[in-house]
$ cat structure_13.txt   # compact mmCIF, C-alpha atoms
# COMPACT_ATOMS: atom_id res chain seq x y z
CA MET A 13 -26.24 -34.65 -88.40
CA ALA A 14 -25.59 -31.29 -90.01
CA GLN A 15 -29.27 -30.40 -89.71
CA THR A 16 -29.24 -31.05 -85.98
CA LYS A 17 -26.28 -28.74 -85.51
CA ARG A 18 -27.92 -25.97 -87.49
CA ARG A 19 -31.07 -26.09 -85.38
CA LYS A 20 -29.10 -26.04 -82.19
CA SER A 21 -27.02 -23.05 -83.21
CA GLY A 22 -30.03 -21.03 -84.27
CA HIS A 23 -29.30 -20.97 -88.01
CA PRO A 24 -31.91 -21.96 -90.59
CA ALA A 25 -32.50 -25.71 -90.52
CA GLY A 26 -32.15 -27.28 -93.93
CA LYS A 27 -32.67 -25.98 -97.43
CA ARG A 28 -36.45 -26.02 -97.28
CA GLN A 29 -36.67 -22.68 -95.48
CA HIS A 30 -34.37 -21.01 -97.99
CA SER A 31 -36.01 -22.29 -101.13
CA ALA A 32 -39.65 -22.14 -99.97
CA PRO A 33 -40.07 -18.36 -100.36
CA ASN A 34 -39.24 -18.75 -104.07
CA LYS A 35 -42.35 -20.85 -104.65
CA LEU A 36 -45.18 -19.45 -106.72
CA VAL A 37 -47.50 -19.55 -103.70
CA LYS A 38 -47.63 -16.19 -101.93
CA PRO A 39 -49.14 -15.43 -98.53
CA THR A 40 -52.66 -14.02 -98.74
CA PRO A 41 -53.97 -11.32 -96.38
CA ALA A 42 -55.86 -14.09 -94.56
CA MET A 43 -52.57 -15.93 -93.97
CA TRP A 44 -50.96 -12.81 -92.54
CA ILE A 45 -53.95 -12.28 -90.26
CA ALA A 46 -53.72 -15.90 -89.14
CA GLY A 47 -50.02 -15.30 -88.43
CA ALA A 48 -51.00 -12.62 -85.93
CA ARG A 49 -52.78 -15.38 -83.97
CA ILE A 50 -55.93 -13.45 -83.16
CA ARG A 51 -56.98 -15.99 -80.54
CA THR A 52 -54.08 -14.87 -78.32
CA LEU A 53 -55.02 -11.17 -78.34
CA PRO A 54 -57.41 -11.48 -75.35
CA LEU A 55 -54.25 -12.03 -73.31
CA ALA A 56 -53.27 -8.44 -74.13
CA ILE A 57 -56.73 -6.92 -73.66
CA ALA A 58 -57.60 -8.48 -70.28
CA PRO A 59 -54.70 -7.09 -68.18
CA VAL A 60 -55.17 -3.58 -69.58
CA ALA A 61 -58.88 -3.71 -68.70
CA LEU A 62 -57.98 -4.87 -65.21
CA GLY A 63 -55.46 -2.04 -64.89
CA VAL A 64 -58.13 0.46 -65.89
CA GLY A 65 -60.52 -0.98 -63.30
CA ALA A 66 -57.88 -0.90 -60.55
CA SER A 67 -57.02 2.72 -61.38
CA THR A 68 -60.58 3.86 -60.67
CA LEU A 69 -60.13 2.76 -57.07
CA ILE A 70 -57.36 5.35 -56.80
CA THR A 71 -58.76 8.19 -58.90
CA GLY A 72 -62.34 7.99 -57.69
CA GLY A 73 -64.49 6.29 -60.30
CA PHE A 74 -65.36 5.58 -63.94
CA GLU A 75 -65.65 9.23 -64.95
CA THR A 76 -62.01 9.85 -64.00
CA ILE A 77 -60.59 7.47 -66.62
CA ASP A 78 -58.33 9.11 -69.17
CA TRP A 79 -59.45 7.11 -72.20
CA GLY A 80 -56.66 8.46 -74.37
CA LEU A 81 -54.01 6.96 -72.08
CA ALA A 82 -56.09 3.80 -71.65
CA LEU A 83 -56.24 3.27 -75.42
CA LEU A 84 -52.52 3.93 -75.76
CA SER A 85 -51.86 1.32 -73.06
CA LEU A 86 -54.04 -1.11 -74.96
CA ALA A 87 -52.15 -0.32 -78.17
CA VAL A 88 -48.83 -1.11 -76.49
CA ALA A 89 -50.13 -4.46 -75.23
CA LEU A 90 -51.74 -5.46 -78.53
CA PHE A 91 -48.79 -4.43 -80.71
CA LEU A 92 -46.41 -6.24 -78.38
CA GLN A 93 -48.53 -9.41 -78.47
CA ILE A 94 -48.76 -9.38 -82.27
CA GLY A 95 -45.04 -8.64 -82.53
CA VAL A 96 -44.29 -11.63 -80.29
CA ASN A 97 -46.46 -13.86 -82.46
CA TYR A 98 -44.75 -12.89 -85.72
CA SER A 99 -41.34 -13.04 -84.04
CA ASN A 100 -42.06 -16.57 -82.84
CA ASP A 101 -43.21 -17.49 -86.34
CA TYR A 102 -39.91 -16.27 -87.77
CA SER A 103 -37.58 -17.67 -85.12
CA ASP A 104 -39.17 -21.11 -84.86
CA GLY A 105 -39.37 -21.29 -88.64
CA VAL A 106 -35.72 -20.56 -89.38
CA ARG A 107 -34.61 -22.91 -86.60
CA GLY A 108 -36.57 -25.74 -88.16
CA THR A 109 -38.71 -26.19 -85.04
CA ASP A 110 -41.94 -25.88 -87.03
CA GLU A 111 -40.88 -28.74 -89.29
CA PHE A 112 -42.44 -31.03 -86.67
CA ARG A 113 -45.43 -28.80 -85.89
CA VAL A 114 -48.93 -30.32 -85.66
CA GLY A 115 -50.86 -27.11 -84.99
CA PRO A 116 -52.02 -24.51 -87.53
CA PRO A 117 -49.33 -23.87 -90.20
CA ARG A 118 -47.10 -20.85 -89.80
CA LEU A 119 -45.87 -18.40 -92.41
CA THR A 120 -42.17 -19.17 -92.14
CA GLY A 121 -42.26 -22.85 -91.26
CA SER A 122 -44.69 -23.69 -94.06
CA GLY A 123 -42.49 -21.92 -96.60
CA VAL A 124 -45.28 -19.60 -97.72
CA ALA A 125 -43.64 -16.32 -96.67
CA ASN A 126 -40.10 -15.02 -96.95
CA PRO A 127 -38.57 -15.28 -93.44
CA LYS A 128 -37.06 -11.79 -93.71
CA ARG A 129 -40.49 -10.35 -94.48
CA VAL A 130 -41.99 -12.10 -91.44
CA LEU A 131 -39.19 -10.69 -89.29
CA ALA A 132 -39.78 -7.22 -90.75
CA VAL A 133 -43.47 -7.42 -89.84
CA ALA A 134 -42.57 -8.50 -86.30
CA LEU A 135 -40.14 -5.59 -85.92
CA ALA A 136 -42.74 -3.19 -87.33
CA PHE A 137 -45.19 -4.14 -84.58
CA PHE A 138 -42.45 -3.78 -81.96
CA VAL A 139 -41.81 -0.28 -83.33
CA LEU A 140 -45.52 0.52 -83.12
CA ALA A 141 -45.57 -0.67 -79.51
CA ALA A 142 -42.53 1.49 -78.77
CA ALA A 143 -44.12 4.52 -80.47
CA ALA A 144 -47.31 4.19 -78.42
CA GLY A 145 -45.17 3.83 -75.30
CA VAL A 146 -43.20 6.97 -76.11
CA VAL A 147 -46.44 8.92 -76.52
CA ILE A 148 -47.52 7.72 -73.07
CA VAL A 149 -44.20 8.82 -71.61
CA VAL A 150 -44.46 12.26 -73.20
CA LEU A 151 -48.03 12.76 -71.98
CA THR A 152 -47.39 11.53 -68.44
CA GLN A 153 -43.79 12.79 -68.14
CA HIS A 154 -42.85 9.48 -66.49
CA TRP A 155 -39.60 9.10 -68.41
CA TRP A 156 -38.45 6.13 -66.36
CA LEU A 157 -41.18 4.08 -68.06
CA LEU A 158 -38.89 3.92 -71.10
CA ILE A 159 -36.79 1.36 -69.22
CA PRO A 160 -39.48 -1.29 -68.55
CA GLY A 161 -40.83 -0.61 -72.04
CA ALA A 162 -37.48 -1.41 -73.63
CA VAL A 163 -37.12 -4.50 -71.42
CA ALA A 164 -40.57 -5.72 -72.48
CA ILE A 165 -39.74 -5.42 -76.18
CA ALA A 166 -36.38 -7.14 -75.72
CA ALA A 167 -38.02 -9.92 -73.72
CA ALA A 168 -40.65 -10.34 -76.44
CA TYR A 169 -38.00 -10.83 -79.14
CA PHE A 170 -35.63 -13.07 -77.18
CA TYR A 171 -38.49 -15.34 -76.12
CA THR A 172 -37.73 -17.45 -79.20
CA GLY A 173 -35.17 -15.20 -80.93
CA GLY A 174 -31.43 -14.93 -80.58
CA LYS A 175 -28.87 -17.68 -80.02
CA ARG A 176 -30.24 -18.79 -76.64
CA PRO A 177 -33.99 -18.07 -76.57
CA TYR A 178 -35.28 -18.46 -73.02
CA GLY A 179 -38.56 -19.88 -74.34
CA TYR A 180 -36.53 -22.97 -75.29
CA TYR A 181 -35.47 -23.44 -71.65
CA GLY A 182 -38.82 -23.65 -69.90
CA LEU A 183 -39.11 -19.93 -69.07
CA GLY A 184 -41.99 -19.00 -71.36
CA GLU A 185 -44.59 -19.09 -68.59
CA LEU A 186 -42.47 -16.79 -66.45
CA PHE A 187 -42.34 -14.28 -69.33
CA VAL A 188 -46.09 -14.20 -69.90
CA PHE A 189 -46.84 -14.04 -66.16
CA ILE A 190 -44.58 -11.02 -65.70
CA PHE A 191 -45.28 -9.05 -68.87
CA PHE A 192 -48.84 -10.09 -69.82
CA GLY A 193 -49.90 -10.23 -66.21
CA LEU A 194 -48.20 -8.00 -63.67
CA VAL A 195 -46.49 -5.44 -65.91
CA ALA A 196 -49.48 -4.85 -68.21
CA THR A 197 -51.96 -4.54 -65.34
CA VAL A 198 -49.91 -2.60 -62.81
CA GLY A 199 -48.38 -0.50 -65.59
CA THR A 200 -51.80 0.53 -66.89
CA THR A 201 -52.93 1.42 -63.37
CA TYR A 202 -49.83 3.54 -62.83
CA ILE A 203 -50.19 5.32 -66.18
CA LEU A 204 -53.79 6.28 -65.40
CA SER A 205 -53.40 7.17 -61.72
CA ASP A 206 -49.71 7.94 -61.10
CA SER A 207 -49.79 5.15 -58.55
CA TYR A 208 -50.68 1.49 -58.10
CA ASN A 209 -52.57 -0.54 -55.51
CA PHE A 210 -52.88 -4.02 -54.09
CA GLU A 211 -55.86 -4.67 -56.35
CA SER A 212 -53.76 -4.09 -59.47
CA LEU A 213 -51.13 -6.55 -58.23
CA LEU A 214 -53.71 -9.23 -57.46
CA ALA A 215 -55.58 -8.69 -60.72
CA GLY A 216 -52.31 -8.75 -62.64
CA ALA A 217 -51.39 -12.06 -61.04
CA ALA A 218 -54.78 -13.52 -62.05
CA ALA A 219 -54.31 -12.34 -65.65
CA GLY A 220 -50.79 -13.76 -65.61
CA PHE A 221 -51.92 -17.19 -64.43
CA ILE A 222 -54.55 -17.34 -67.18
CA ALA A 223 -51.93 -16.37 -69.78
CA CYS A 224 -49.68 -19.12 -68.42
CA ALA A 225 -52.54 -21.61 -68.80
CA VAL A 226 -53.02 -20.61 -72.45
CA LEU A 227 -49.31 -21.04 -73.16
CA MET A 228 -49.24 -24.36 -71.31
CA VAL A 229 -52.10 -25.94 -73.27
CA ASN A 230 -50.51 -24.70 -76.49
CA ASN A 231 -47.24 -26.38 -75.52
CA ILE A 232 -49.00 -29.58 -74.41
CA ARG A 233 -50.36 -29.84 -77.95
CA ASP A 234 -46.82 -29.63 -79.37
CA ILE A 235 -45.00 -31.52 -76.61
CA ASP A 236 -43.87 -34.50 -78.70
CA GLN A 237 -42.85 -32.34 -81.65
CA ASP A 238 -41.03 -29.82 -79.43
CA ARG A 239 -39.11 -32.64 -77.79
CA VAL A 240 -37.90 -33.83 -81.19
CA ALA A 241 -36.99 -30.26 -82.16
CA ARG A 242 -35.14 -29.76 -78.86
CA LYS A 243 -37.47 -26.96 -77.82
CA ARG A 244 -37.51 -27.45 -74.06
CA THR A 245 -40.75 -25.80 -73.02
CA LEU A 246 -41.99 -26.27 -69.46
CA ALA A 247 -44.41 -28.89 -70.80
CA VAL A 248 -41.50 -30.82 -72.34
CA LEU A 249 -39.46 -30.57 -69.14
CA VAL A 250 -42.19 -31.85 -66.80
CA GLY A 251 -43.92 -34.29 -69.15
CA GLN A 252 -47.50 -34.82 -70.33
CA ARG A 253 -49.20 -35.68 -67.04
CA ALA A 254 -47.56 -32.96 -64.95
CA ALA A 255 -48.12 -30.36 -67.68
CA ARG A 256 -51.85 -31.07 -67.72
CA ILE A 257 -52.01 -30.77 -63.94
CA ILE A 258 -50.06 -27.50 -64.01
CA PHE A 259 -52.57 -26.13 -66.54
CA VAL A 260 -55.36 -26.81 -64.04
CA VAL A 261 -53.33 -25.28 -61.21
CA PHE A 262 -52.82 -22.05 -63.18
CA LEU A 263 -56.58 -21.67 -63.64
CA LEU A 264 -57.31 -22.58 -60.02
CA LEU A 265 -54.89 -19.88 -58.86
CA ALA A 266 -56.71 -17.31 -60.99
CA TYR A 267 -60.04 -18.33 -59.48
CA ALA A 268 -58.54 -18.29 -55.97
CA ILE A 269 -57.66 -14.63 -56.55
CA LEU A 270 -61.19 -14.02 -57.85
CA LEU A 271 -62.52 -15.53 -54.61
CA LEU A 272 -60.52 -12.96 -52.63
CA PHE A 273 -62.00 -10.15 -54.72
CA SER A 274 -65.47 -11.59 -54.12
CA PHE A 275 -65.19 -10.75 -50.42
CA LEU A 276 -64.40 -7.12 -51.26
CA PHE A 277 -66.43 -6.23 -54.36
CA PRO A 278 -70.15 -7.17 -54.64
CA LEU A 279 -70.06 -7.76 -58.41
CA ALA A 280 -66.91 -9.91 -58.43
CA PRO A 281 -68.73 -13.24 -57.76
CA LEU A 282 -70.52 -12.82 -61.10
CA VAL A 283 -67.19 -13.44 -62.84
CA PHE A 284 -67.40 -17.08 -61.75
CA PHE A 285 -69.73 -17.52 -64.73
CA THR A 286 -66.51 -17.93 -66.76
CA LEU A 287 -66.33 -21.43 -65.27
CA LEU A 288 -68.72 -22.33 -68.09
CA LEU A 289 -65.70 -21.98 -70.38
CA SER A 290 -62.83 -22.98 -68.10
CA LEU A 291 -64.36 -26.26 -66.89
CA PRO A 292 -64.72 -27.67 -70.42
CA ALA A 293 -61.18 -26.44 -71.17
CA ILE A 294 -59.91 -28.29 -68.10
CA LEU A 295 -61.75 -31.48 -69.03
CA ILE A 296 -60.44 -31.36 -72.60
CA THR A 297 -56.87 -30.67 -71.48
CA LEU A 298 -56.89 -33.51 -68.95
CA THR A 299 -58.30 -36.06 -71.37
CA GLY A 300 -57.38 -34.75 -74.83
CA LYS A 301 -55.31 -36.76 -77.27
CA THR A 302 -55.41 -34.83 -80.54
CA ALA A 303 -54.10 -31.44 -81.63
CA LYS A 304 -57.66 -30.39 -82.51
CA GLU A 305 -58.79 -30.97 -78.93
CA PHE A 306 -55.96 -28.90 -77.46
CA ILE A 307 -56.60 -26.08 -79.93
CA LEU A 308 -60.22 -26.01 -78.73
CA ALA A 309 -59.04 -25.92 -75.10
CA LEU A 310 -56.70 -23.05 -76.00
CA LYS A 311 -59.53 -21.07 -77.60
CA LEU A 312 -61.84 -21.67 -74.62
CA THR A 313 -59.15 -20.62 -72.14
CA SER A 314 -58.23 -17.51 -74.11
CA PHE A 315 -61.86 -16.38 -74.42
CA MET A 316 -62.41 -17.16 -70.75
CA GLY A 317 -59.43 -14.95 -69.94
CA LEU A 318 -60.97 -12.07 -71.88
CA LEU A 319 -64.34 -12.38 -70.12
CA PHE A 320 -62.59 -12.85 -66.77
CA GLY A 321 -60.58 -9.65 -67.27
CA LEU A 322 -63.48 -7.55 -68.52
CA GLY A 323 -65.83 -8.86 -65.84
CA LEU A 324 -63.45 -8.30 -62.95
CA ALA A 325 -62.53 -4.87 -64.32
CA ALA A 326 -66.23 -3.94 -64.28
CA ALA A 327 -66.54 -5.27 -60.72
CA LEU A 328 -63.64 -3.06 -59.60
CA THR A 329 -65.04 -0.03 -61.39
CA PHE A 330 -68.72 -0.20 -60.45

$ encode --input "structure_13.txt" --output "structure tokens"
Amino acid sequence: MAQTKRRKSGHPAGKRQHSAPNKLVKPTPAMWIAGARIRTLPLAIAPVALGVGASTLITGGFETIDWGLALLSLAVALFLQIGVNYSNDYSDGVRGTDEFRVGPPRLTGSGVANPKRVLAVALAFFVLAAAAGVVIVVLTQHWWLLIPGAVAIAAAYFYTGGKRPYGYYGLGELFVFIFFGLVATVGTTYILSDSYNFESLLAGAAAGFIACAVLMVNNIRDIDQDRVARKRTLAVLVGQRAARIIFVVFLLLAYAILLLFSFLFPLAPLVFFTLLLSLPAILITLTGKTAKEFILALKLTSFMGLLFGLGLAAALTF
């Protein structure tokens, strides 16, 4: 009974998390790299690429791209994504949520790493994201960008951090759609062109839907464990069948947007080749029963999102 109360309040659940860091086993560099969840990084790269592509429609072509600002935008997105991943590792671990986890082991939940060290790494990447953002602000003189930047970092932490993490109330998909879809894409376009366009909004929505699909299949894998841990993801709230259907809907919405682009940009239809990855991911998600199957679907969807973003960005640019 006491354990249940500790998880609900946000305090470390049980003695295992406190004593585990004192074990002789220490996290290896490979474990820290795994903690960054490399397979999720395409979700940061794709919207920035799309933002770059959309900006060329305003500035006049590929040769007008300011690659310094583009790389800084990419740094913000990547550091923020990695910071979110380590922050989730820490927050879910100290709450005891990962005690029921069936996916790849995490640093905090497995007891391999000291929770405070995991939190420090998460905060370090948030600081790096903030530093890259400040450089962008100084170079562009768009000081108001400090506000959405601060909001993005706060949203990244409170996704699973704090006393009432909104990721535990079915709002995770909304977060990734806004920040790893619209904000990353439209923000990159604005940074590079001092403006934004309809193409950046549409492309950002497509990137956001794909990011939502990746999060959904991840949560489908953990749906039974999250229910026990009282982590109310959208998948938990709607149930197995509806969650699988929603995953498909997210991808269909992304391809519906691609269809619109296909009427305007000659190279856009070529991006439909990513169906070679998304169709197997859909089939696996609709029929899968094991964690291993859902992890494969996650990897396929994430890689599809990267190719989708790079391909559509090229179609907008050339």

$ closest_residue --input "structure_13.txt" --among "A:Leu319, A:Ile94, A:Ala215, A:Ile307" --to "A:Val133" --atoms "all atoms listed in the file"
A:Ile94

$ residues_near_point --input "structure_13.txt" --point "(-52.6, -9.2, -68.1)" --cutoff "7 Å" --atoms "all atoms listed in the file" --output "ChimeraX atom specification"
/A:55-56,58-60,192-194,196-197,216,219-220

$ closest_residue --input "structure_13.txt" --among "A:Lys38, A:Arg233, A:Arg253, A:Arg244" --to "A:Glu305" --atoms "only C-alpha atoms"
A:Arg233

$ residues_around --input "structure_13.txt" --residues "stretch 265-278 of chain A" --least-positions-apart "3" --cutoff "7 Å" --atoms "only C-alpha atoms" --output "list of chain:residue names"
A:Leu214, A:Ala218, A:Phe221, A:Ile222, A:Val261, A:Phe262, A:Pro281, A:Ala327, A:Leu328

$ atom_distance --input "structure_13.txt" --atom1 "atom CA of A:Ala66" --atom2 "atom CA of A:Leu263"
21.0 Å

$ closest_atom_pairs --input "structure_13.txt" --of "stretch 180-294 of chain A" --to "stretch 161-175 of chain A" --cutoff "10 Å" --atoms "only C-alpha atoms" --output "Markdown table"
| residue | atom | partner | partner_atom | distance |
| --- | --- | --- | --- | --- |
| A:Tyr180 | CA | A:Thr172 | CA | 6.9 |
| A:Tyr181 | CA | A:Tyr171 | CA | 9.7 |
| A:Leu183 | CA | A:Tyr171 | CA | 8.4 |
| A:Gly184 | CA | A:Tyr171 | CA | 7.0 |
| A:Phe187 | CA | A:Ala167 | CA | 7.5 |
| A:Val188 | CA | A:Ala168 | CA | 9.3 |
| A:Ile190 | CA | A:Ala164 | CA | 9.5 |
| A:Phe191 | CA | A:Ala164 | CA | 6.8 |
| A:Phe192 | CA | A:Ala164 | CA | 9.7 |
| A:Val195 | CA | A:Ala164 | CA | 8.8 |
| A:Ala196 | CA | A:Ala164 | CA | 9.9 |
| A:Gly199 | CA | A:Gly161 | CA | 9.9 |
| A:Lys243 | CA | A:Thr172 | CA | 9.6 |

$ residues_around --input "structure_13.txt" --residues "A:Phe285" --least-positions-apart "4" --cutoff "10 Å" --atoms "all atoms listed in the file" --output "list in words"
Pro281, Leu289, Ser290, Met316, Leu319, Phe320 and Gly323 of chain A

$ closest_residue --input "structure_13.txt" --among "A:Glu211, A:Thr245, A:Gly105, A:Asp78" --to "A:Leu186" --atoms "all atoms listed in the file"
A:Thr245

$ residues_around --input "structure_13.txt" --residues "A:Pro116" --least-positions-apart "6" --cutoff "10 Å" --atoms "all atoms listed in the file" --output "ChimeraX atom specification"
/A:46-47,49,122,303-304,307

$ closest_residue --input "structure_13.txt" --among "A:Thr76, A:Val106, A:Met43, A:Thr297" --to "A:Ala255" --atoms "only C-alpha atoms"
A:Thr297

$ residues_near_point --input "structure_13.txt" --point "(-53.9, -3.4, -75.0)" --cutoff "7 Å" --atoms "only C-alpha atoms" --output "mmCIF file with C-alpha atoms, in the frame of the given file"
data_model
loop_
_atom_site.group_PDB
_atom_site.id
_atom_site.type_symbol
_atom_site.label_atom_id
_atom_site.label_comp_id
_atom_site.auth_asym_id
_atom_site.auth_seq_id
_atom_site.Cartn_x
_atom_site.Cartn_y
_atom_site.Cartn_z
ATOM 1 C CA ALA A 56 -53.270 -8.440 -74.130
ATOM 2 C CA ILE A 57 -56.730 -6.920 -73.660
ATOM 3 C CA VAL A 60 -55.170 -3.580 -69.580
ATOM 4 C CA SER A 85 -51.860 1.320 -73.060
ATOM 5 C CA LEU A 86 -54.040 -1.110 -74.960
ATOM 6 C CA ALA A 87 -52.150 -0.320 -78.170
ATOM 7 C CA VAL A 88 -48.830 -1.110 -76.490
ATOM 8 C CA ALA A 89 -50.130 -4.460 -75.230
ATOM 9 C CA LEU A 90 -51.740 -5.460 -78.530
#

$ closest_residue --input "structure_13.txt" --among "A:Ala225, A:Ala247, A:Ala280, A:Val240" --to "A:Ala309" --atoms "all atoms listed in the file"
A:Ala225

$ atom_distance --input "structure_13.txt" --atom1 "atom CA of A:Arg51" --atom2 "atom CA of A:Phe315"
7.8 Å

$ closest_residue --input "structure_13.txt" --among "A:Pro39, A:Gly108, A:Gly317, A:Gly300" --to "A:Val124" --atoms "all atoms listed in the file"
A:Pro39

$ residues_around --input "structure_13.txt" --residues "stretch 248-250 of chain A" --least-positions-apart "5" --cutoff "9 Å" --atoms "all atoms listed in the file" --output "list of chain:residue names"
A:Tyr181, A:Gly182, A:Asn231, A:Ile232, A:Asp234, A:Ile235, A:Asp236, A:Asp238, A:Arg239, A:Lys243, A:Ala255

$ atom_distance --input "structure_13.txt" --atom1 "atom CA of A:Ile77" --atom2 "atom CA of A:Val64"
7.5 Å
